[in-house]
Structure formats: C-alpha cells, structure tokens
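Down below is the structure, laid out as structure tokens.
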Amino acid sequence: MARKRRFGVSISSGVADSLDAITGRLGLDRSSLVEIALKSLLEDYVHHLIPHNCVALITHICEKDPEELASMIAKHNDVKVTQLHSHSEDKCLQILLVSGPSSSIAKLYSELAKIKGCKTKYTPLHDIAT
C-alpha cells in the first residue's frame, strides 16, 4: 500500500456539496475520490510540461460558434490531424485529433480554453514517463 500524505485544501461550499453527493453515490470516501481526480488531472497535464511528441484529443463545447474559433484552429494546422464539427441541441462541438510537439498542442489548448462561454478538455492518447 502506498504511503499517504495529508494536506489541507479549501474549496467552495458548492464544490464540497458536489463532492459529498458523488462520493455517496459511488460508495467512496472524499480522500479516495479527490486522489482519483488529481491523479487523472496530473496524468493529463504532465503532457503540457514535458516536451515530447504527443497525440491527443481536444474537445471544445460552446453555446454558439465563437467567431474566432475557425481562425484559431487554422493557425495550428501543423498539429491538427482531423477535426469534427457538429451541433447538438444549442451547443457547438469541436473534436480535434492533434499530433505533434507537445508545446504546440499546449498552445492550441490554452488559446481554446480562454474563449469565454466554452468548455475545453484535453485527453492525451498515450502515457509519458515522468
């Protein structure tokens, strides 16, 4: 069994309530769920920190088509392998398969994540040694 280390974290009441609701439904304690979430987050974001050739999915969901989206993605054609653009209900969905230098992919992700009213997720398709 891995050694555990305690540290304090302050979160908003709403997030704490959501955490309690999810842990109750999953039958987990808070510490276990937070550890699972942090491990997943760290595995994904280490790709932004360690230079390597990366393959990943970037999903981008908006309430409407942001005007700057097409030109922003076009600037990064060097890493874009394929792109799916679709609409569901009143949401605009972009799914990008990207491949190339992790620094270029991280730059594209960061630009997309800054668009107001949108949600952007990064999912690497491979592990890297840390």
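A note on labels: chains of the structure tokens are A, B, ... as shown, every chain counts residues from 1, and ligands are counted from 1 in their shown order.
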
Expected answer as an MDAnalysis selection string: alpha helix (DSSP H) residues in chain A:
chainID A and resid 13:26 30:49 69:74 102:113

Using only C-alpha atoms, I'd like a table of the residues in stretch 14-105 of chain A that come within 10 Å of stretch 115-118 of chain A; for each, show the closest atom pair and its distance in Å rounded to one decimal, ordered by chain and ascending number, as a tab-separated table.
```
residue	atom	partner	partner_atom	distance
A:His60	CA	A:Cys118	CA	6.8
A:Ile61	CA	A:Cys118	CA	5.5
A:Cys62	CA	A:Cys118	CA	4.3
A:Glu63	CA	A:Gly117	CA	6.7
A:Lys64	CA	A:Gly117	CA	8.7
A:Asp65	CA	A:Cys118	CA	9.7
A:Pro66	CA	A:Ile115	CA	7.9
A:Glu68	CA	A:Ile115	CA	8.7
A:Leu69	CA	A:Ile115	CA	8.5
A:Lys91	CA	A:Cys118	CA	9.6
A:Cys92	CA	A:Cys118	CA	9.2
A:Leu93	CA	A:Cys118	CA	9.8
```

If you run DSSP on the backbone here, which positions in stretch 12-77 of chain A get strand (DSSP E or B)? Please write them as a PDB file with all heavy atoms, in the first residue's frame.
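That gives us states_20.pdb:
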```pdb
ATOM      1  N   ASN A  53       6.694  14.290 -28.349  1.00  0.00           N
ATOM      2  CA  ASN A  53       5.760  14.226 -29.465  1.00  0.00           C
ATOM      3  C   ASN A  53       4.470  13.627 -28.921  1.00  0.00           C
ATOM      4  O   ASN A  53       4.472  12.544 -28.350  1.00  0.00           O
ATOM      5  CB  ASN A  53       6.334  13.372 -30.602  1.00  0.00           C
ATOM      6  CG  ASN A  53       5.611  13.631 -31.896  1.00  0.00           C
ATOM      7  OD1 ASN A  53       5.196  14.746 -32.177  1.00  0.00           O
ATOM      8  ND2 ASN A  53       5.456  12.599 -32.694  1.00  0.00           N
ATOM      9  N   CYS A  54       3.371  14.333 -29.079  1.00  0.00           N
ATOM     10  CA  CYS A  54       2.124  13.989 -28.407  1.00  0.00           C
ATOM     11  C   CYS A  54       1.012  13.695 -29.412  1.00  0.00           C
ATOM     12  O   CYS A  54       0.986  14.252 -30.502  1.00  0.00           O
ATOM     13  CB  CYS A  54       1.708  15.160 -27.512  1.00  0.00           C
ATOM     14  SG  CYS A  54       0.336  14.799 -26.427  1.00  0.00           S
ATOM     15  N   VAL A  55       0.094  12.817 -29.012  1.00  0.00           N
ATOM     16  CA  VAL A  55      -1.144  12.560 -29.746  1.00  0.00           C
ATOM     17  C   VAL A  55      -2.266  12.707 -28.722  1.00  0.00           C
ATOM     18  O   VAL A  55      -2.214  12.110 -27.644  1.00  0.00           O
ATOM     19  CB  VAL A  55      -1.166  11.149 -30.366  1.00  0.00           C
ATOM     20  CG1 VAL A  55      -2.478  10.912 -31.103  1.00  0.00           C
ATOM     21  CG2 VAL A  55       0.020  10.945 -31.293  1.00  0.00           C
ATOM     22  N   ALA A  56      -3.271  13.515 -29.048  1.00  0.00           N
ATOM     23  CA  ALA A  56      -4.324  13.797 -28.069  1.00  0.00           C
ATOM     24  C   ALA A  56      -5.620  14.196 -28.751  1.00  0.00           C
ATOM     25  O   ALA A  56      -5.644  14.493 -29.946  1.00  0.00           O
ATOM     26  CB  ALA A  56      -3.872  14.929 -27.139  1.00  0.00           C
ATOM     27  N   LEU A  57      -6.677  14.195 -27.958  1.00  0.00           N
ATOM     28  CA  LEU A  57      -7.958  14.757 -28.371  1.00  0.00           C
ATOM     29  C   LEU A  57      -8.182  16.048 -27.604  1.00  0.00           C
ATOM     30  O   LEU A  57      -7.891  16.117 -26.411  1.00  0.00           O
ATOM     31  CB  LEU A  57      -9.113  13.808 -28.038  1.00  0.00           C
ATOM     32  CG  LEU A  57      -9.212  12.516 -28.815  1.00  0.00           C
ATOM     33  CD1 LEU A  57     -10.354  11.673 -28.254  1.00  0.00           C
ATOM     34  CD2 LEU A  57      -9.415  12.778 -30.291  1.00  0.00           C
ATOM     35  N   ILE A  58      -8.691  17.041 -28.290  1.00  0.00           N
ATOM     36  CA  ILE A  58      -9.134  18.267 -27.627  1.00  0.00           C
ATOM     37  C   ILE A  58     -10.611  18.413 -27.962  1.00  0.00           C
ATOM     38  O   ILE A  58     -10.989  18.458 -29.139  1.00  0.00           O
ATOM     39  CB  ILE A  58      -8.349  19.504 -28.098  1.00  0.00           C
ATOM     40  CG1 ILE A  58      -6.867  19.363 -27.760  1.00  0.00           C
ATOM     41  CG2 ILE A  58      -8.939  20.774 -27.462  1.00  0.00           C
ATOM     42  CD1 ILE A  58      -5.991  20.487 -28.283  1.00  0.00           C
ATOM     43  N   THR A  59     -11.453  18.432 -26.943  1.00  0.00           N
ATOM     44  CA  THR A  59     -12.881  18.659 -27.157  1.00  0.00           C
ATOM     45  C   THR A  59     -13.205  20.067 -26.694  1.00  0.00           C
ATOM     46  O   THR A  59     -12.699  20.538 -25.679  1.00  0.00           O
ATOM     47  CB  THR A  59     -13.752  17.630 -26.409  1.00  0.00           C
ATOM     48  OG1 THR A  59     -13.430  17.656 -25.021  1.00  0.00           O
ATOM     49  CG2 THR A  59     -13.525  16.236 -26.942  1.00  0.00           C
ATOM     50  N   HIS A  60     -14.043  20.715 -27.463  1.00  0.00           N
ATOM     51  CA  HIS A  60     -14.358  22.122 -27.212  1.00  0.00           C
ATOM     52  C   HIS A  60     -15.860  22.293 -27.408  1.00  0.00           C
ATOM     53  O   HIS A  60     -16.377  22.039 -28.497  1.00  0.00           O
ATOM     54  CB  HIS A  60     -13.562  22.988 -28.187  1.00  0.00           C
ATOM     55  CG  HIS A  60     -13.618  24.442 -27.917  1.00  0.00           C
ATOM     56  ND1 HIS A  60     -12.988  25.027 -26.846  1.00  0.00           N
ATOM     57  CD2 HIS A  60     -14.226  25.429 -28.593  1.00  0.00           C
ATOM     58  CE1 HIS A  60     -13.210  26.318 -26.875  1.00  0.00           C
ATOM     59  NE2 HIS A  60     -13.969  26.593 -27.922  1.00  0.00           N
ATOM     60  N   ILE A  61     -16.574  22.687 -26.349  1.00  0.00           N
ATOM     61  CA  ILE A  61     -18.027  22.813 -26.393  1.00  0.00           C
ATOM     62  C   ILE A  61     -18.409  24.247 -26.053  1.00  0.00           C
ATOM     63  O   ILE A  61     -17.976  24.787 -25.032  1.00  0.00           O
ATOM     64  CB  ILE A  61     -18.697  21.850 -25.399  1.00  0.00           C
ATOM     65  CG1 ILE A  61     -18.264  20.409 -25.695  1.00  0.00           C
ATOM     66  CG2 ILE A  61     -20.214  21.990 -25.447  1.00  0.00           C
ATOM     67  CD1 ILE A  61     -18.614  19.428 -24.615  1.00  0.00           C
ATOM     68  N   CYS A  62     -19.225  24.851 -26.908  1.00  0.00           N
ATOM     69  CA  CYS A  62     -19.655  26.242 -26.717  1.00  0.00           C
ATOM     70  C   CYS A  62     -21.162  26.350 -26.886  1.00  0.00           C
ATOM     71  O   CYS A  62     -21.789  25.518 -27.531  1.00  0.00           O
ATOM     72  CB  CYS A  62     -18.988  27.161 -27.738  1.00  0.00           C
ATOM     73  SG  CYS A  62     -17.211  27.217 -27.628  1.00  0.00           S
TER      74      CYS A  62
END
```

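Shortest atom-to-atom contact with A:Pro101 among A:Lys75, A:His52, A:Leu26, A:Pro124: A:His52, counting only C-alpha atoms.
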
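Distances here use only C-alpha atoms; by that measure, the residue among A:Asp78, A:Asp17, A:Asp44, A:Glu111 closest to A:Ser99 is A:Asp78.
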
Nearest to A:Thr123 by atom-to-atom distance, counting only C-alpha atoms, from A:Ser40, A:Ser110, A:Ser71, A:Thr23:
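Among the listed residues, the smallest separation from A:Thr123 belongs to A:Ser40.
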
Expressed in Å to a single decimal, how great is the separation between atom CA of A:Leu28 and atom CA of A:Glu43?
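Atom-to-atom, atom CA of A:Leu28 to atom CA of A:Glu43, that is 21.2 Å.
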
Select, from A:Ala113, A:Val15, A:Ala2, A:Leu125, the residue with the minimum atom-to-atom distance to A:Leu97, counting only C-alpha atoms.
A:Leu125

What is the distance, in Å and to one decimal place, between atom CA of A:His126 and atom CA of A:Ser32?
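According to the coordinates, atom CA of A:His126 and atom CA of A:Ser32 are separated by 24.1 Å.
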
For stretch 45-51 of chain A, list every protein, DNA or RNA residue within 7 Å, evaluated using only C-alpha atoms, and leave out those in the same chain fewer than 5 positions away; present the list as a CSV table (one decimal) with N, CA, C and O atoms, in the first residue's frame.
```csv
chain,number,residue,atom,x,y,z
A,102,SER,N,4.5,18.7,-28.1
A,102,SER,CA,3.6,19.0,-27.0
A,102,SER,C,3.4,20.5,-26.8
A,102,SER,O,2.4,20.9,-26.4
A,103,SER,N,4.5,21.2,-27.0
A,103,SER,CA,4.4,22.7,-26.8
A,103,SER,C,3.4,23.3,-27.8
A,103,SER,O,2.7,24.2,-27.4
A,106,ALA,N,-0.1,22.3,-26.5
A,106,ALA,CA,-0.4,23.0,-25.3
A,106,ALA,C,-0.8,24.5,-25.7
A,106,ALA,O,-1.7,25.0,-25.0
```
